[in-house]
Amino acid sequence: MGRIAAGQGGNTAGQGANTAGRGGSGQGGGIAEQAERLHALIQDSESIVFFGGAGVSTESGIPDFRSESGLYNAKSKYGRSPEEIISRSFFDASPEIFYEYYKENLIYPDARPNKAHIALAGLEASGRLKAVVTQNIDGLHQLAGSRKVFELHGSVLRNICLGCGARYGLEYILDPENCVDGSGRKGAAPWCKSCGGMVKPDVVLYEEALDPKVMEGAADAIRAADMLIVGGSSLVVYPAAGFINYFRGRHLALINKSGTSYDGRAELVIREAIGEVLGLLPV
Ligand SMILES: [Zn+2]
């Protein structure tokens, strides 16, 4: 315990553990029993923080662009990896291609909160959950009613003009009328209606730093927590792994379909879909 395993090695080990873990999952009582154990830990805690990864959103029909199929989609159509396209230098050099890919692969305006989002909003309303820290950019926690949400990677719902700082919602950048450049060319990149500048999603792109205020708030919340629930994250993507190290509380629960390099440190490890587990918690 205590020492942090390197992400890469842990991930590989996790794959094998996943296969082993699936054994009990389909057999009726398994997941319900595990949810009961989770519920008992929650009842024993007063200051819970939830840390969520891409797995929280996949149950709302938002695929992880870093997954194998996401990589394939990007490579086959654009000849580049998602990380290349969603980088600041690529945005600056080729905003049209960036936005084409971005709108196709990262924007899901019809996605709705799933059982995980709803259960977490309920836990916050009950007073036990103090904050959600998320790597997702879809705004679904807030849509479900969560108030204290630290969005480490920003949100597709917010967009900012690089010229004058004007702020726009998601609908603005999706409206083709706002995607006509100064010479009248229609495209995918949105332009500011007040100054004509390029509008950029308030999303942390590769090569960009995370917002220090958001990071600090998330770290403070985790430091002050007596329980940390990590869900839908394999804990390999930066900065997820680092945040877990701030936790000093009593109960660490990991809920992820595959194993993580932190499983050995957790009091409770549940290898199931996060929404399925949280959906079983009594309201
Ligand atoms: Zn502007």
# chains A, B, ... in the order shown; residues from 1 in each chain; ligands from 1
call {"tool": "residues_near_ligand", "arguments": {"ligand": "ligand 1", "cutoff": "9 Å", "atoms": "only C-alpha atoms and all ligand atoms", "output": "PyMOL selection string"}}
result
chain A and resi 160-167+191-199
call {"tool": "closest_atom_pairs", "arguments": {"of": "range 84-197 of chain A", "to": "range 276-279 of chain A", "cutoff": "9 Å", "atoms": "only C-alpha atoms", "output": "tab-separated table"}}
result
residue	atom	partner	partner_atom	distance
A:Asn114	CA	A:Gly279	CA	8.8
A:Lys115	CA	A:Gly279	CA	5.1
A:Ala116	CA	A:Leu278	CA	5.4
A:His117	CA	A:Leu278	CA	8.7
A:Ile118	CA	A:Gly279	CA	8.2
A:Ala119	CA	A:Leu278	CA	6.0
A:Leu120	CA	A:Leu278	CA	7.9
call {"tool": "closest_atom_pairs", "arguments": {"of": "range 188-245 of chain A", "to": "range 98-101 of chain A", "cutoff": "9 Å", "atoms": "only C-alpha atoms", "output": "tab-separated table"}}
result
residue	atom	partner	partner_atom	distance
A:Ala188	CA	A:Tyr99	CA	5.5
A:Ala189	CA	A:Tyr99	CA	5.5
A:Pro190	CA	A:Tyr99	CA	8.4
call {"tool": "closest_atom_pairs", "arguments": {"of": "range 223-274 of chain A", "to": "range 33-39 of chain A", "cutoff": "8 Å", "atoms": "only C-alpha atoms", "output": "tab-separated table"}}
result
residue	atom	partner	partner_atom	distance
A:Ala253	CA	A:Leu38	CA	7.5
A:Leu268	CA	A:Leu38	CA	7.4
A:Ile270	CA	A:Gln34	CA	6.8
call {"tool": "write_last_selection", "arguments": {"atoms": "C-alpha atoms", "output": "tab-separated table (two decimals), in the first residue's frame"}}
result
chain	number	residue	atom	x	y	z
A	253	ALA	CA	-14.21	2.87	-3.46
A	268	LEU	CA	-14.09	-1.62	-2.14
A	270	ILE	CA	-16.56	-3.01	-8.01
call {"tool": "select_by_dssp", "arguments": {"residues": "range 23-204 of chain A", "states": "alpha helix (DSSP H)", "output": "ChimeraX atom specification"}}
result
/A:29-43,54-58,68-78,82-85,88-93,95-105,115-125,140-144,170-174
call {"tool": "closest_atom_pairs", "arguments": {"of": "range 51-150 of chain A", "to": "range 174-186 of chain A", "cutoff": "12 Å", "atoms": "only C-alpha atoms", "output": "Markdown table"}}
result
| residue | atom | partner | partner_atom | distance |
| --- | --- | --- | --- | --- |
| A:Pro95 | CA | A:Cys179 | CA | 11.2 |
| A:Glu96 | CA | A:Cys179 | CA | 9.6 |
| A:Tyr99 | CA | A:Leu174 | CA | 10.0 |
| A:Glu100 | CA | A:Leu174 | CA | 10.7 |
| A:Tyr102 | CA | A:Leu174 | CA | 10.9 |
| A:Lys103 | CA | A:Leu174 | CA | 7.9 |
| A:Glu104 | CA | A:Leu174 | CA | 10.9 |
| A:Ile107 | CA | A:Leu174 | CA | 9.4 |
| A:Tyr108 | CA | A:Leu174 | CA | 10.9 |
| A:Pro109 | CA | A:Leu174 | CA | 9.5 |
call {"tool": "closest_residue", "arguments": {"among": "A:Gly232, A:Gly249, A:Gly70, A:Gly259", "to": "Ser47 in chain A", "atoms": "only C-alpha atoms"}}
result
A:Gly249
call {"tool": "select_by_dssp", "arguments": {"residues": "range 41-256 of chain A", "states": "strand (DSSP E)", "output": "number ranges by chain"}}
result
A: 48-52, 129-134, 149-151, 154-161, 167-168, 199-203, 227-231, 251-255
call {"tool": "write_last_selection", "arguments": {"atoms": "N, CA and C atoms", "output": "CSV table (one decimal), in the first residue's frame"}}
result
chain,number,residue,atom,x,y,z
A,48,ILE,N,-18.3,13.2,1.2
A,48,ILE,CA,-17.9,12.3,0.0
A,48,ILE,C,-17.6,13.1,-1.2
A,49,VAL,N,-16.6,12.7,-1.9
A,49,VAL,CA,-16.3,13.3,-3.2
A,49,VAL,C,-16.3,12.2,-4.3
A,50,PHE,N,-16.9,12.5,-5.4
A,50,PHE,CA,-16.9,11.5,-6.5
A,50,PHE,C,-16.0,12.0,-7.6
A,51,PHE,N,-15.1,11.1,-8.0
A,51,PHE,CA,-14.2,11.4,-9.1
A,51,PHE,C,-14.6,10.6,-10.3
A,52,GLY,N,-15.0,11.2,-11.4
A,52,GLY,CA,-15.5,10.4,-12.5
A,52,GLY,C,-14.7,10.6,-13.8
A,129,LEU,N,-22.7,14.1,-0.2
A,129,LEU,CA,-21.7,14.3,-1.3
A,129,LEU,C,-21.4,15.8,-1.4
A,130,LYS,N,-20.1,16.1,-1.3
A,130,LYS,CA,-19.7,17.5,-1.3
A,130,LYS,C,-19.3,18.0,-2.6
A,131,ALA,N,-18.8,17.2,-3.5
A,131,ALA,CA,-18.3,17.6,-4.8
A,131,ALA,C,-18.2,16.5,-5.8
A,132,VAL,N,-18.4,16.8,-7.0
A,132,VAL,CA,-18.1,15.9,-8.1
A,132,VAL,C,-16.9,16.5,-8.9
A,133,VAL,N,-15.9,15.7,-9.1
A,133,VAL,CA,-14.7,16.1,-9.9
A,133,VAL,C,-14.8,15.2,-11.2
A,134,THR,N,-14.9,15.9,-12.3
A,134,THR,CA,-15.1,15.1,-13.5
A,134,THR,C,-14.0,15.4,-14.6
A,149,VAL,N,-19.5,21.1,-9.1
A,149,VAL,CA,-18.8,20.2,-10.0
A,149,VAL,C,-17.5,20.8,-10.5
A,150,PHE,N,-16.4,20.1,-10.3
A,150,PHE,CA,-15.2,20.6,-10.8
A,150,PHE,C,-14.9,19.9,-12.2
A,151,GLU,N,-15.0,20.7,-13.2
A,151,GLU,CA,-14.8,20.2,-14.6
A,151,GLU,C,-13.3,20.3,-15.0
A,154,GLY,N,-12.9,21.3,-18.6
A,154,GLY,CA,-13.8,22.3,-19.2
A,154,GLY,C,-15.1,21.7,-19.6
A,155,SER,N,-15.8,22.5,-20.4
A,155,SER,CA,-17.2,22.1,-20.8
A,155,SER,C,-17.5,22.5,-22.3
A,156,VAL,N,-18.1,21.6,-23.0
A,156,VAL,CA,-18.5,21.9,-24.4
A,156,VAL,C,-19.6,23.0,-24.4
A,157,LEU,N,-20.3,23.1,-23.2
A,157,LEU,CA,-21.4,24.1,-23.2
A,157,LEU,C,-20.9,25.5,-23.1
A,158,ARG,N,-19.6,25.7,-22.8
A,158,ARG,CA,-19.1,27.1,-22.8
A,158,ARG,C,-18.1,27.3,-23.9
A,159,ASN,N,-18.2,28.4,-24.6
A,159,ASN,CA,-17.4,28.8,-25.7
A,159,ASN,C,-17.0,30.2,-25.6
A,160,ILE,N,-15.7,30.5,-25.9
A,160,ILE,CA,-15.2,31.9,-25.7
A,160,ILE,C,-14.6,32.4,-27.0
A,161,CYS,N,-14.9,33.7,-27.3
A,161,CYS,CA,-14.2,34.3,-28.4
A,161,CYS,C,-12.8,34.7,-28.1
A,167,ARG,N,-18.8,35.3,-24.6
A,167,ARG,CA,-19.1,33.9,-24.3
A,167,ARG,C,-20.3,33.4,-25.0
A,168,TYR,N,-20.3,32.2,-25.4
A,168,TYR,CA,-21.4,31.6,-26.2
A,168,TYR,C,-21.7,30.2,-25.7
A,199,VAL,N,-14.1,31.6,-32.3
A,199,VAL,CA,-14.7,31.2,-31.0
A,199,VAL,C,-14.1,29.8,-30.7
A,200,LYS,N,-13.6,29.7,-29.5
A,200,LYS,CA,-13.0,28.4,-29.0
A,200,LYS,C,-13.8,27.8,-27.9
A,201,PRO,N,-13.9,26.5,-27.9
A,201,PRO,CA,-14.6,25.8,-26.8
A,201,PRO,C,-13.8,26.0,-25.5
A,202,ASP,N,-14.5,26.2,-24.4
A,202,ASP,CA,-13.9,26.3,-23.1
A,202,ASP,C,-13.5,24.9,-22.6
A,203,VAL,N,-12.8,24.2,-23.5
A,203,VAL,CA,-12.4,22.8,-23.2
A,203,VAL,C,-10.9,22.8,-23.2
A,227,MET,N,-14.6,10.1,2.3
A,227,MET,CA,-14.8,9.0,1.3
A,227,MET,C,-14.6,9.5,-0.1
A,228,LEU,N,-13.9,8.7,-0.9
A,228,LEU,CA,-13.7,9.1,-2.3
A,228,LEU,C,-14.2,7.9,-3.1
A,229,ILE,N,-15.2,8.2,-4.0
A,229,ILE,CA,-15.7,7.2,-4.9
A,229,ILE,C,-15.1,7.5,-6.3
A,230,VAL,N,-14.4,6.6,-6.9
A,230,VAL,CA,-13.8,6.8,-8.2
A,230,VAL,C,-14.7,6.0,-9.2
A,231,GLY,N,-15.2,6.6,-10.2
A,231,GLY,CA,-16.1,5.8,-11.1
A,231,GLY,C,-15.8,6.0,-12.6
A,251,HIS,N,-12.5,5.9,3.5
A,251,HIS,CA,-13.1,4.9,2.5
A,251,HIS,C,-12.8,5.3,1.1
A,252,LEU,N,-12.1,4.4,0.4
A,252,LEU,CA,-11.9,4.6,-1.0
A,252,LEU,C,-12.6,3.5,-1.8
A,253,ALA,N,-13.5,3.9,-2.7
A,253,ALA,CA,-14.2,2.9,-3.5
A,253,ALA,C,-13.9,3.1,-4.9
A,254,LEU,N,-13.6,2.1,-5.7
A,254,LEU,CA,-13.3,2.2,-7.1
A,254,LEU,C,-14.4,1.4,-7.9
A,255,ILE,N,-15.0,2.0,-8.8
A,255,ILE,CA,-16.1,1.4,-9.6
A,255,ILE,C,-15.7,1.6,-11.0
call {"tool": "atom_distance", "arguments": {"atom1": "CA of Gly139 in chain A", "atom2": "CA of Ser81 in chain A"}}
result
24.5 Å
